[in-house]
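Q: File follows, structure_26.pdb with PDB, C-alpha atoms:
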```
MODEL        1
ATOM      1  CA  LEU H   1       0.903  -7.812  23.753
ATOM      2  CA  ALA H   2       1.578  -7.538  20.062
ATOM      3  CA  GLN H   3       0.139  -9.955  17.570
ATOM      4  CA  PRO H   4      -0.411  -9.979  13.814
ATOM      5  CA  MET H   5      -3.744  -9.064  12.259
ATOM      6  CA  PHE H   6      -4.627 -10.079   8.720
ATOM      7  CA  LEU H   7      -7.337  -8.521   6.566
ATOM      8  CA  PHE H   8      -8.158  -9.735   3.107
ATOM      9  CA  GLY H   9     -10.747  -9.065   0.444
ATOM     10  CA  PRO H  10     -11.508  -6.631  -2.359
ATOM     11  CA  GLY H  11     -12.078  -3.678   0.002
ATOM     12  CA  VAL H  12      -8.721  -3.939   1.787
ATOM     13  CA  LYS H  13      -5.733  -1.785   0.837
ATOM     14  CA  ALA H  14      -2.767  -4.028   0.131
ATOM     15  CA  GLY H  15       0.410  -3.806   2.141
ATOM     16  CA  VAL H  16       1.675  -3.671   5.682
ATOM     17  CA  HIS H  17       0.137  -0.998   7.892
ATOM     18  CA  GLY H  18       1.893   0.326  10.968
ATOM     19  CA  LYS H  19       5.528   0.225  11.909
ATOM     20  CA  GLN H  20       7.581  -2.833  12.754
ATOM     21  CA  PRO H  21       7.812  -3.366  16.515
ATOM     22  CA  SER H  22      11.179  -2.964  18.207
ATOM     23  CA  LEU H  23      12.966  -6.082  19.358
ATOM     24  CA  LYS H  24      14.936  -3.980  21.865
ATOM     25  CA  GLU H  25      12.089  -2.110  23.577
ATOM     26  CA  LEU H  26      10.016  -4.889  25.124
ATOM     27  CA  ASP H  27       7.129  -4.838  27.569
ATOM     28  CA  ASP H  28       7.859  -7.509  30.191
ATOM     29  CA  ASP H  29       9.706  -9.561  27.526
ATOM     30  CA  ASN H  30       6.840  -9.126  25.017
ATOM     31  CA  LEU H  31       6.629  -7.004  21.874
ATOM     32  CA  LYS H  32       4.835  -3.694  22.389
ATOM     33  CA  MET H  33       1.621  -3.169  20.475
ATOM     34  CA  GLU H  34       1.990  -0.625  17.647
ATOM     35  CA  VAL H  35      -1.599  -0.556  16.262
ATOM     36  CA  ASP H  36      -4.642  -0.885  18.501
ATOM     37  CA  PHE H  37      -7.083  -3.398  16.979
ATOM     38  CA  ARG H  38      -9.902  -0.977  17.805
ATOM     39  CA  SER H  39      -8.444   1.473  15.260
ATOM     40  CA  VAL H  40      -8.683  -1.233  12.595
ATOM     41  CA  TYR H  41     -12.195  -2.159  13.732
ATOM     42  CA  ALA H  42     -13.205   1.530  13.662
ATOM     43  CA  ALA H  43     -11.888   1.861  10.096
ATOM     44  CA  ILE H  44     -13.893  -1.180   8.964
ATOM     45  CA  LEU H  45     -17.053   0.106  10.630
ATOM     46  CA  GLU H  46     -16.771   3.645   9.274
ATOM     47  CA  LYS H  47     -15.184   3.213   5.845
ATOM     48  CA  TRP H  48     -16.658  -0.117   4.769
ATOM     49  CA  LEU H  49     -19.914  -0.457   6.675
ATOM     50  CA  ASN H  50     -20.674   3.309   6.848
ATOM     51  CA  THR H  51     -21.482   2.985  10.546
ATOM     52  CA  PRO H  52     -20.314   5.340  13.303
ATOM     53  CA  SER H  53     -17.730   3.482  15.383
ATOM     54  CA  GLU H  54     -17.901   5.519  18.590
ATOM     55  CA  PRO H  55     -21.248   4.124  19.847
ATOM     56  CA  ILE H  56     -20.022   0.567  19.233
ATOM     57  CA  LEU H  57     -16.492   0.948  20.617
ATOM     58  CA  GLY H  58     -17.383   3.376  23.404
ATOM     59  CA  ALA H  59     -14.737   5.895  22.324
ATOM     60  CA  LYS H  60     -13.262   7.520  19.212
ATOM     61  CA  TYR H  61     -10.181   5.782  17.804
ATOM     62  CA  PRO H  62      -7.912   6.949  14.977
ATOM     63  CA  LEU H  63      -8.690   5.135  11.738
ATOM     64  CA  VAL H  64      -6.013   2.922  10.211
ATOM     65  CA  ASP H  65      -5.815   3.544   6.460
ATOM     66  CA  CYS H  66      -6.443  -0.109   5.555
ATOM     67  CA  VAL H  67      -9.871   0.033   3.877
ATOM     68  CA  ALA H  68     -10.297   1.229   0.300
TER      69      ALA H  68
ENDMDL
END
```
Represent the structure of the file as structure tokens.
A:
Amino acid sequence: LAQPMFLFGPGVKAGVHGKQPSLKELDDDNLKMEVDFRSVYAAILEKWLNTPSEPILGAKYPLVDCVA
């Protein structure tokens, strides 16, 4: 299920990241997820906290370009 995620603070790149979900292509009457939260979490771990994300998340996820 899709849901909004908000990040704020001096280390966050401003703007909207990811594409707008389709209102026509639904998953059992729900919006489809466009950005996996684990990709955001991985970006915070690696770019802000300088910590490898794979041991914490159990897999490698693409980093969302949301951290300065």
Q: Which residues fall under the PyMOL selection byres ((chain H and resi 44-58) around 12) in this file, as number ranges by chain?
A: H: 7-13, 37-43, 59-68
Q: Which centre and edge lengths in Å to one decimal define the box along x, y and z that fits every listed atom of stretch 21-27 of chain H plus 6 Å per side, as lines of an AutoDock Vina configuration file?
A:
```
center_x = 11.0
center_y = -4.1
center_z = 22.0
size_x = 19.8
size_y = 16.0
size_z = 23.1
```
Q: Could you write out as a ChimeraX atom specification the residues that the PyMOL selection byres ((chain H and resi 21) around 12) matches in the shown file?
A: /H:1-4,17-20,22-27,30-35
Q: Would you mind completing stretch 28-51 of chain H to N, CA, C and O atoms and writing the output as a PDB file, in the coordinates of the input?
A:
```pdb
ATOM      1  N   ASP H  28       7.813  -6.273  29.403  1.00  0.00           N
ATOM      2  CA  ASP H  28       7.859  -7.509  30.191  1.00  0.00           C
ATOM      3  C   ASP H  28       8.185  -8.705  29.290  1.00  0.00           C
ATOM      4  O   ASP H  28       7.498  -9.722  29.302  1.00  0.00           O
ATOM      5  N   ASP H  29       9.223  -8.543  28.466  1.00  0.00           N
ATOM      6  CA  ASP H  29       9.706  -9.561  27.526  1.00  0.00           C
ATOM      7  C   ASP H  29       8.747  -9.846  26.370  1.00  0.00           C
ATOM      8  O   ASP H  29       8.884 -10.854  25.675  1.00  0.00           O
ATOM      9  N   ASN H  30       7.780  -8.982  26.135  1.00  0.00           N
ATOM     10  CA  ASN H  30       6.840  -9.126  25.017  1.00  0.00           C
ATOM     11  C   ASN H  30       6.959  -7.922  24.093  1.00  0.00           C
ATOM     12  O   ASN H  30       7.297  -6.822  24.533  1.00  0.00           O
ATOM     13  N   LEU H  31       6.654  -8.127  22.817  1.00  0.00           N
ATOM     14  CA  LEU H  31       6.629  -7.004  21.874  1.00  0.00           C
ATOM     15  C   LEU H  31       5.546  -6.022  22.281  1.00  0.00           C
ATOM     16  O   LEU H  31       4.466  -6.413  22.728  1.00  0.00           O
ATOM     17  N   LYS H  32       5.837  -4.722  22.111  1.00  0.00           N
ATOM     18  CA  LYS H  32       4.835  -3.694  22.389  1.00  0.00           C
ATOM     19  C   LYS H  32       3.879  -3.579  21.204  1.00  0.00           C
ATOM     20  O   LYS H  32       4.287  -3.683  20.051  1.00  0.00           O
ATOM     21  N   MET H  33       2.637  -3.350  21.509  1.00  0.00           N
ATOM     22  CA  MET H  33       1.621  -3.169  20.475  1.00  0.00           C
ATOM     23  C   MET H  33       1.877  -1.839  19.759  1.00  0.00           C
ATOM     24  O   MET H  33       2.139  -0.829  20.399  1.00  0.00           O
ATOM     25  N   GLU H  34       1.802  -1.845  18.440  1.00  0.00           N
ATOM     26  CA  GLU H  34       1.990  -0.625  17.647  1.00  0.00           C
ATOM     27  C   GLU H  34       0.656  -0.088  17.124  1.00  0.00           C
ATOM     28  O   GLU H  34       0.492   1.106  16.980  1.00  0.00           O
ATOM     29  N   VAL H  35      -0.290  -0.965  16.788  1.00  0.00           N
ATOM     30  CA  VAL H  35      -1.599  -0.556  16.262  1.00  0.00           C
ATOM     31  C   VAL H  35      -2.678  -1.202  17.114  1.00  0.00           C
ATOM     32  O   VAL H  35      -2.727  -2.426  17.241  1.00  0.00           O
ATOM     33  N   ASP H  36      -3.533  -0.379  17.691  1.00  0.00           N
ATOM     34  CA  ASP H  36      -4.642  -0.885  18.501  1.00  0.00           C
ATOM     35  C   ASP H  36      -5.687  -1.499  17.562  1.00  0.00           C
ATOM     36  O   ASP H  36      -6.100  -0.873  16.590  1.00  0.00           O
ATOM     37  N   PHE H  37      -6.114  -2.717  17.849  1.00  0.00           N
ATOM     38  CA  PHE H  37      -7.083  -3.398  16.979  1.00  0.00           C
ATOM     39  C   PHE H  37      -8.378  -2.598  16.857  1.00  0.00           C
ATOM     40  O   PHE H  37      -9.085  -2.692  15.867  1.00  0.00           O
ATOM     41  N   ARG H  38      -8.677  -1.781  17.865  1.00  0.00           N
ATOM     42  CA  ARG H  38      -9.902  -0.977  17.805  1.00  0.00           C
ATOM     43  C   ARG H  38      -9.825   0.085  16.719  1.00  0.00           C
ATOM     44  O   ARG H  38     -10.840   0.483  16.156  1.00  0.00           O
ATOM     45  N   SER H  39      -8.610   0.527  16.372  1.00  0.00           N
ATOM     46  CA  SER H  39      -8.444   1.473  15.260  1.00  0.00           C
ATOM     47  C   SER H  39      -8.735   0.794  13.929  1.00  0.00           C
ATOM     48  O   SER H  39      -9.296   1.404  13.015  1.00  0.00           O
ATOM     49  N   VAL H  40      -8.372  -0.468  13.805  1.00  0.00           N
ATOM     50  CA  VAL H  40      -8.683  -1.233  12.595  1.00  0.00           C
ATOM     51  C   VAL H  40     -10.183  -1.492  12.530  1.00  0.00           C
ATOM     52  O   VAL H  40     -10.827  -1.312  11.490  1.00  0.00           O
ATOM     53  N   TYR H  41     -10.754  -1.896  13.656  1.00  0.00           N
ATOM     54  CA  TYR H  41     -12.195  -2.159  13.732  1.00  0.00           C
ATOM     55  C   TYR H  41     -12.984  -0.895  13.408  1.00  0.00           C
ATOM     56  O   TYR H  41     -13.964  -0.927  12.663  1.00  0.00           O
ATOM     57  N   ALA H  42     -12.543   0.252  13.939  1.00  0.00           N
ATOM     58  CA  ALA H  42     -13.205   1.530  13.662  1.00  0.00           C
ATOM     59  C   ALA H  42     -13.150   1.859  12.178  1.00  0.00           C
ATOM     60  O   ALA H  42     -14.137   2.330  11.593  1.00  0.00           O
ATOM     61  N   ALA H  43     -12.017   1.598  11.535  1.00  0.00           N
ATOM     62  CA  ALA H  43     -11.888   1.861  10.096  1.00  0.00           C
ATOM     63  C   ALA H  43     -12.840   0.988   9.294  1.00  0.00           C
ATOM     64  O   ALA H  43     -13.477   1.455   8.340  1.00  0.00           O
ATOM     65  N   ILE H  44     -12.969  -0.277   9.665  1.00  0.00           N
ATOM     66  CA  ILE H  44     -13.893  -1.180   8.964  1.00  0.00           C
ATOM     67  C   ILE H  44     -15.332  -0.712   9.151  1.00  0.00           C
ATOM     68  O   ILE H  44     -16.102  -0.663   8.188  1.00  0.00           O
ATOM     69  N   LEU H  45     -15.683  -0.361  10.370  1.00  0.00           N
ATOM     70  CA  LEU H  45     -17.053   0.106  10.630  1.00  0.00           C
ATOM     71  C   LEU H  45     -17.377   1.365   9.839  1.00  0.00           C
ATOM     72  O   LEU H  45     -18.425   1.464   9.210  1.00  0.00           O
ATOM     73  N   GLU H  46     -16.476   2.343   9.882  1.00  0.00           N
ATOM     74  CA  GLU H  46     -16.771   3.645   9.274  1.00  0.00           C
ATOM     75  C   GLU H  46     -16.577   3.680   7.762  1.00  0.00           C
ATOM     76  O   GLU H  46     -17.406   4.227   7.047  1.00  0.00           O
ATOM     77  N   LYS H  47     -15.488   3.105   7.273  1.00  0.00           N
ATOM     78  CA  LYS H  47     -15.184   3.213   5.845  1.00  0.00           C
ATOM     79  C   LYS H  47     -15.858   2.140   4.997  1.00  0.00           C
ATOM     80  O   LYS H  47     -16.131   2.357   3.833  1.00  0.00           O
ATOM     81  N   TRP H  48     -16.082   0.969   5.556  1.00  0.00           N
ATOM     82  CA  TRP H  48     -16.658  -0.117   4.769  1.00  0.00           C
ATOM     83  C   TRP H  48     -18.149  -0.268   5.047  1.00  0.00           C
ATOM     84  O   TRP H  48     -18.960  -0.380   4.133  1.00  0.00           O
ATOM     85  N   LEU H  49     -18.511  -0.248   6.313  1.00  0.00           N
ATOM     86  CA  LEU H  49     -19.914  -0.457   6.675  1.00  0.00           C
ATOM     87  C   LEU H  49     -20.702   0.841   6.851  1.00  0.00           C
ATOM     88  O   LEU H  49     -21.893   0.802   7.149  1.00  0.00           O
ATOM     89  N   ASN H  50     -20.032   1.993   6.704  1.00  0.00           N
ATOM     90  CA  ASN H  50     -20.674   3.309   6.848  1.00  0.00           C
ATOM     91  C   ASN H  50     -21.468   3.421   8.151  1.00  0.00           C
ATOM     92  O   ASN H  50     -22.601   3.875   8.156  1.00  0.00           O
ATOM     93  N   THR H  51     -20.857   2.980   9.229  1.00  0.00           N
ATOM     94  CA  THR H  51     -21.482   2.985  10.546  1.00  0.00           C
ATOM     95  C   THR H  51     -20.590   3.744  11.515  1.00  0.00           C
ATOM     96  O   THR H  51     -19.377   3.504  11.548  1.00  0.00           O
TER      97      THR H  51
END
```
